[in-house]
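One file, model_0.cif, carrying mmCIF, C-alpha atoms and all ligand atoms:
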```
data_target
#
loop_
_atom_site.label_atom_id
_atom_site.label_comp_id
_atom_site.auth_asym_id
_atom_site.auth_seq_id
_atom_site.Cartn_x
_atom_site.Cartn_y
_atom_site.Cartn_z
CA MET A 300 -314.76 -108.91 22.59
CA GLY A 301 -311.39 -107.25 23.13
CA LEU A 302 -310.21 -104.65 25.57
CA LYS A 303 -310.74 -101.13 24.24
CA ALA A 304 -311.14 -98.99 27.37
CA CYS A 305 -311.01 -98.93 31.16
CA LEU A 306 -313.20 -96.93 33.51
CA PHE A 307 -311.87 -96.26 36.98
CA ASP A 308 -313.80 -95.47 40.12
CA MET A 309 -311.80 -92.89 42.06
CA ASP A 310 -312.29 -93.13 45.84
CA GLY A 311 -310.61 -96.34 47.02
CA VAL A 312 -309.25 -97.27 43.57
CA ILE A 313 -307.08 -94.34 42.51
CA VAL A 314 -306.78 -92.51 45.82
CA ASP A 315 -307.42 -93.54 49.40
CA SER A 316 -309.97 -90.85 50.18
CA ALA A 317 -312.42 -93.19 51.93
CA VAL A 318 -310.76 -92.42 55.25
CA HIS A 319 -311.32 -88.68 54.71
CA HIS A 320 -314.99 -89.26 53.82
CA PHE A 321 -315.26 -91.33 57.01
CA VAL A 322 -313.67 -88.66 59.24
CA ALA A 323 -316.00 -85.97 57.86
CA TRP A 324 -319.17 -88.11 58.10
CA LYS A 325 -318.17 -89.24 61.59
CA ARG A 326 -317.81 -85.65 62.73
CA LEU A 327 -321.29 -84.91 61.41
CA ALA A 328 -322.77 -88.07 62.95
CA ASP A 329 -321.21 -87.17 66.31
CA GLU A 330 -322.83 -83.73 66.17
CA LEU A 331 -326.18 -85.41 65.50
CA SER A 332 -325.52 -87.96 68.30
CA ILE A 333 -325.70 -90.83 65.82
CA SER A 334 -323.32 -93.72 66.37
CA PHE A 335 -321.23 -94.25 63.21
CA THR A 336 -318.26 -96.60 62.92
CA GLU A 337 -315.67 -97.33 60.25
CA GLU A 338 -317.57 -100.56 59.62
CA ASP A 339 -320.76 -98.55 58.95
CA ASN A 340 -318.76 -96.43 56.50
CA HIS A 341 -318.28 -99.43 54.14
CA ALA A 342 -321.95 -99.19 53.17
CA LEU A 343 -321.45 -95.59 52.02
CA LYS A 344 -318.75 -96.40 49.48
CA GLY A 345 -319.95 -95.47 46.01
CA LEU A 346 -323.11 -93.77 47.27
CA SER A 347 -323.75 -90.14 46.40
CA ARG A 348 -323.47 -87.45 49.06
CA VAL A 349 -327.22 -87.24 49.58
CA ASP A 350 -327.67 -91.03 49.66
CA SER A 351 -324.86 -91.21 52.23
CA LEU A 352 -326.53 -88.59 54.45
CA ASP A 353 -329.89 -90.35 54.15
CA HIS A 354 -328.21 -93.62 55.19
CA ILE A 355 -326.73 -92.00 58.31
CA LEU A 356 -330.01 -90.27 59.21
CA ARG A 357 -331.84 -93.61 58.87
CA MET A 358 -329.31 -95.18 61.23
CA GLY A 359 -330.19 -92.50 63.80
CA HIS A 360 -333.95 -92.61 63.04
CA LEU A 361 -333.75 -88.89 62.30
CA HIS A 362 -336.08 -87.12 59.87
CA LEU A 363 -334.91 -83.70 58.71
CA ASP A 364 -336.26 -81.20 56.21
CA GLU A 365 -334.49 -80.60 52.88
CA LYS A 366 -333.01 -77.25 53.92
CA THR A 367 -331.34 -78.74 56.99
CA LYS A 368 -330.06 -81.67 54.94
CA VAL A 369 -328.44 -79.32 52.42
CA LYS A 370 -326.79 -77.44 55.29
CA LEU A 371 -325.44 -80.67 56.76
CA MET A 372 -324.10 -81.85 53.39
CA ASP A 373 -322.38 -78.51 52.83
CA GLN A 374 -320.81 -78.75 56.28
CA LYS A 375 -319.60 -82.32 55.68
CA ASN A 376 -318.19 -81.32 52.31
CA ALA A 377 -316.35 -78.33 53.79
CA TRP A 378 -314.66 -80.62 56.31
CA TYR A 379 -313.91 -83.14 53.57
CA LEU A 380 -312.39 -80.44 51.32
CA ASP A 381 -310.12 -79.39 54.18
CA LEU A 382 -308.93 -82.98 54.53
CA ILE A 383 -308.25 -83.55 50.83
CA GLN A 384 -306.73 -80.21 49.94
CA GLY A 385 -303.24 -81.48 50.67
CA MET A 386 -303.56 -84.52 48.40
CA ARG A 387 -300.62 -84.94 46.04
CA GLU A 388 -299.14 -87.53 43.68
CA GLU A 389 -297.85 -89.52 46.71
CA ASP A 390 -301.46 -90.19 47.68
CA ILE A 391 -302.17 -92.25 44.55
CA LEU A 392 -302.84 -95.87 45.55
CA PRO A 393 -300.23 -98.55 44.65
CA GLY A 394 -300.11 -99.44 40.97
CA ALA A 395 -302.85 -97.06 39.80
CA LYS A 396 -300.63 -94.60 37.94
CA GLU A 397 -298.48 -97.35 36.42
CA LEU A 398 -301.53 -99.23 35.13
CA ILE A 399 -303.13 -96.10 33.67
CA GLU A 400 -299.85 -95.15 31.97
CA SER A 401 -299.49 -98.58 30.40
CA LEU A 402 -303.09 -98.45 29.14
CA VAL A 403 -302.44 -95.07 27.54
CA ALA A 404 -299.19 -96.39 26.00
CA GLU A 405 -301.16 -99.23 24.37
CA GLY A 406 -303.82 -96.92 22.96
CA ILE A 407 -306.54 -98.12 25.35
CA ARG A 408 -308.93 -95.35 26.33
CA VAL A 409 -309.15 -94.34 29.97
CA GLY A 410 -312.07 -92.78 31.80
CA LEU A 411 -313.21 -91.94 35.32
CA GLY A 412 -316.59 -93.05 36.68
CA SER A 413 -317.03 -91.61 40.16
CA SER A 414 -320.05 -90.63 42.26
CA SER A 415 -318.01 -87.83 43.81
CA ARG A 416 -318.61 -84.19 42.94
CA ASN A 417 -315.01 -83.57 44.00
CA ALA A 418 -313.49 -86.03 41.53
CA GLN A 419 -312.02 -83.48 39.13
CA LEU A 420 -310.42 -81.54 41.98
CA ILE A 421 -308.73 -84.67 43.34
CA LEU A 422 -307.54 -85.82 39.89
CA ASP A 423 -306.03 -82.37 39.36
CA ASN A 424 -304.36 -82.38 42.81
CA VAL A 425 -302.70 -85.75 42.26
CA GLY A 426 -301.72 -84.82 38.69
CA LEU A 427 -303.60 -87.54 36.81
CA THR A 428 -306.02 -85.43 34.76
CA PRO A 429 -303.90 -85.42 31.56
CA LEU A 430 -304.07 -89.24 31.38
CA PHE A 431 -307.88 -89.34 31.24
CA ASP A 432 -309.92 -89.21 28.02
CA THR A 433 -313.15 -88.59 29.90
CA VAL A 434 -314.27 -87.79 33.44
CA VAL A 435 -317.83 -88.61 34.50
CA ASP A 436 -318.54 -87.71 38.11
CA GLY A 437 -321.26 -86.86 40.59
CA ASN A 438 -321.97 -83.60 38.77
CA HIS A 439 -323.02 -85.43 35.60
CA ILE A 440 -325.35 -88.11 36.94
CA THR A 441 -328.78 -88.29 38.50
CA LEU A 442 -328.66 -91.87 39.77
CA SER A 443 -325.90 -93.09 42.04
CA LYS A 444 -324.34 -96.57 42.06
CA PRO A 445 -325.58 -99.35 42.03
CA ASP A 446 -327.32 -97.75 39.04
CA PRO A 447 -324.98 -98.10 36.04
CA GLU A 448 -325.56 -94.51 34.80
CA VAL A 449 -322.07 -93.22 35.63
CA PHE A 450 -320.34 -96.03 33.72
CA LEU A 451 -322.80 -96.00 30.81
CA LYS A 452 -322.15 -92.26 30.40
CA GLY A 453 -318.41 -92.98 30.43
CA ALA A 454 -318.82 -95.66 27.75
CA ALA A 455 -320.96 -93.31 25.65
CA ALA A 456 -318.42 -90.48 25.99
CA LEU A 457 -315.70 -92.85 24.76
CA GLY A 458 -317.97 -94.34 22.09
CA ILE A 459 -317.12 -97.88 23.19
CA ASP A 460 -319.36 -100.89 23.93
CA PRO A 461 -319.49 -101.76 27.67
CA ARG A 462 -318.50 -105.34 26.81
CA GLU A 463 -315.12 -103.98 25.64
CA ILE A 464 -314.56 -101.99 28.83
CA VAL A 465 -313.07 -103.01 32.17
CA VAL A 466 -314.44 -101.20 35.23
CA PHE A 467 -312.29 -100.99 38.37
CA GLU A 468 -314.29 -100.66 41.61
CA ASP A 469 -313.69 -100.97 45.34
CA ALA A 470 -317.37 -100.78 46.36
CA ALA A 471 -319.97 -103.52 46.18
CA SER A 472 -322.46 -100.94 44.85
CA GLY A 473 -319.99 -100.02 42.10
CA VAL A 474 -319.35 -103.62 41.09
CA LYS A 475 -323.11 -104.11 40.87
CA ALA A 476 -323.37 -100.98 38.71
CA ALA A 477 -320.67 -102.30 36.37
CA LYS A 478 -322.24 -105.75 36.03
CA THR A 479 -325.73 -104.29 35.48
CA GLY A 480 -324.29 -102.08 32.74
CA GLY A 481 -322.70 -105.06 30.96
CA PHE A 482 -319.06 -104.24 31.77
CA PHE A 483 -316.22 -106.55 32.83
CA ALA A 484 -315.83 -105.76 36.54
CA VAL A 485 -312.56 -105.94 38.44
CA GLY A 486 -313.05 -105.54 42.19
CA VAL A 487 -310.25 -103.81 44.06
CA GLY A 488 -310.15 -104.90 47.69
CA GLU A 489 -311.48 -107.86 49.63
CA GLU A 490 -313.03 -110.80 47.82
CA GLU A 491 -315.87 -111.28 50.31
CA GLN A 492 -317.22 -107.75 49.80
CA LEU A 493 -316.81 -107.86 46.02
CA SER A 494 -318.05 -111.34 45.16
CA GLU A 495 -320.10 -110.13 42.19
CA ALA A 496 -316.95 -108.97 40.34
CA ASP A 497 -315.50 -111.00 37.46
CA LYS A 498 -312.08 -110.78 39.12
CA VAL A 499 -310.86 -109.35 42.42
CA VAL A 500 -307.40 -107.95 43.14
CA PRO A 501 -306.14 -106.55 46.46
CA ASP A 502 -304.82 -103.42 44.69
CA LEU A 503 -303.69 -102.41 41.20
CA SER A 504 -299.98 -103.05 41.68
CA GLY A 505 -298.44 -105.41 39.16
CA LEU A 506 -301.58 -105.54 37.03
CA THR A 507 -300.72 -105.60 33.32
CA VAL A 508 -302.68 -104.90 30.15
CA ASP A 509 -301.92 -108.46 29.01
CA ARG A 510 -303.48 -109.89 32.16
CA LEU A 511 -306.64 -107.82 31.58
CA ARG A 512 -306.83 -109.08 27.99
CA THR A 513 -306.45 -112.69 29.15
CA TRP A 514 -309.19 -112.28 31.75
CA MET A 515 -311.58 -110.77 29.24
CA SER A 516 -311.05 -113.47 26.65
CA ALA A 517 -311.45 -116.36 29.12
C1 LIG B 601 -317.60 -91.66 46.20
C2 LIG B 601 -317.36 -92.23 47.58
C3 LIG B 601 -318.54 -92.00 48.49
C4 LIG B 601 -318.95 -90.53 48.45
C5 LIG B 601 -319.33 -90.15 47.03
C6 LIG B 601 -319.75 -88.69 46.92
O1 LIG B 601 -318.32 -92.54 45.45
O2 LIG B 601 -317.09 -93.62 47.51
O3 LIG B 601 -318.18 -92.37 49.79
O4 LIG B 601 -320.05 -90.30 49.31
O5 LIG B 601 -318.22 -90.38 46.19
O6 LIG B 601 -318.65 -87.89 47.14
P1 LIG B 601 -318.65 -86.31 47.22
O7 LIG B 601 -317.19 -85.96 47.12
O8 LIG B 601 -319.43 -85.81 46.07
O9 LIG B 601 -319.28 -85.94 48.51
MG MG B 602 -314.86 -96.22 45.44
#
```
Any chance you could give the structure as structure tokens?
Ligand code: G6P
Ligand code: MG
Amino acid sequence: MGLKACLFDMDGVIVDSAVHHFVAWKRLADELSISFTEEDNHALKGLSRVDSLDHILRMGHLHLDEKTKVKLMDQKNAWYLDLIQGMREEDILPGAKELIESLVAEGIRVGLGSSSRNAQLILDNVGLTPLFDTVVDGNHITLSKPDPEVFLKGAAALGIDPREIVVFEDAASGVKAAKTGGFFAVGVGEEEQLSEADKVVPDLSGLTVDRLRTWMSA
């Protein structure tokens, strides 16, 4: 099967927003007197906002009612929005824009598959929206990664078989989602955290369409 489309995760693949998520969650965890480190934050990558909060509350053995949880998520998101509002084209991770442009130039469809409800805002801020054929984000899904829903919706929107699509992911949960959905998964980051991926690259710089085609046909 050949390469017909690529689906990109956003946080940690296109922009380095993970640090902003961490700062905002850390502030919330501090207020709740729950210890939360950058290492702990790895487990939240790819998880939805509510799954992330539940993870932190479990770490602190805290049980809260739904109303309080909604309040806490709104607070975290307000802090996060403050942190990302200044994001611009310079905040795009190395190689991401170049790769997406070369895919578009070759007629390969490009989509976003992110758990974030802020994905469209960030894509707009960094100026990448016009390059995307479809954007599926946290507002369109009911199940967060590792469920493949976000990528399957992207494939359906593009009308392309998952076997002809490469998914780029920096989170173990996202790589699992891609593999469960039948996609070719390229992990972006460290090999040891992304061992389920078909290929792992440290970042997207220097990655060519030809290389993707070779990987898929191997
Ligand atoms: C991404 C990030 C997660 C984040 C999730 C929801 O997948 O990797 O860390 O929790 O999106 O983001 P949101 O912007 O909707 O709170
Ligand atoms: Mg990510």
Residues contacting ligand LIG 601 (chain B) - anything with an atom at most 9 Å away, using all atoms listed in the file - can you give me those as a VMD selection string? chain A and resid 308 to 311 316 to 317 320 to 321 340 to 352 372 375 to 376 379 to 380 412 to 418 436 to 438 443 to 444 469 to 470 473
Here is a test: counting all atoms listed in the file, which residue of A:Glu389, A:Asp423, A:Asp432, A:Glu489 is nearest to Leu402 (chain A)?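 Residue with the minimum atom-to-atom distance to Leu402 (chain A): A:Asp432.
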Choose the residue, out of A:Gly488, A:Lys475, A:Ile355, A:Val508, that has the smallest atom-to-atom separation from Glu400 (chain A); count all atoms listed in the file.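 Smallest distance to Glu400 (chain A) is found for A:Val508.
Considering the residues A:His362, A:Arg357, A:Leu430, A:Val435 and counting all atoms listed in the file, Ala455 (chain A) has its shortest atom-to-atom contact with A:Val435.
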Out of A:Leu361, A:Met386, A:Met515, A:Leu411, which residue has the shortest atom-to-atom distance to ligand MG 602 (chain B) when counting only C-alpha atoms and all ligand atoms?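 Closest to ligand MG 602 (chain B) of all the choices is A:Leu411.
With only C-alpha atoms and all ligand atoms as the basis for measurement, A:Glu468 is the residue among A:Glu338, A:Asp390, A:Asp373, A:Glu468 that approaches ligand MG 602 (chain B) most closely.
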How big is the axis-aligned box, and where does its centre sit, when it encloses all atoms of region 438-444 of chain A listed in the file and has 8 Å added on every side, reported in Å to one decimal as JSON?
```
{"center_x": -325.4, "center_y": -90.1, "center_z": 38.8, "size_x": 22.8, "size_y": 29.0, "size_z": 22.5}
```
May I ask for the distance between CA of Ala476 (chain A) and CA of Ile464 (chain A), given in Å to one decimal place? 13.3 Å
So, with all atoms listed in the file as the atoms that count, which of A:Met300, A:Lys452, A:Glu330, A:Gln384 lies closest to Ile440 (chain A)?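 Looking only at the distances to Ile440 (chain A), the closest residue turns out to be A:Lys452.
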Expressed in Å, the length from CA of Gly453 (chain A) to CA of Gly410 (chain A) is 6.5 Å
Any idea what's packed within 10 Å of Ser504 (chain A), counting all atoms listed in the file, ignoring anything in its chain fewer than 4 positions away? Could you give it as a list in words? Leu392, Pro393, Gly394, Ala395, Lys396, Glu397, Leu398 and Val500 of chain A
Residues proximal to (-326.6, -78.9, 64.0) were defined as those with any atom within 9 Å of that point in the file's coordinates, counting only C-alpha atoms. Which are they, as a PyMOL selection string? chain A and resi 327+330-331+367+370-371
I'd like the interatomic distance between CA of Asp315 (chain A) and CA of Ser332 (chain A), to a tenth of an Å.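 The value is 26.8 Å.
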So which residues are close to (-310.0, -98.9, 23.9), meaning at most 12 Å away in the file's coordinates with all atoms listed in the file counted, and can you show them as a PyMOL selection string? chain A and resi 300-306+402-410+432+454+457-465+508+512
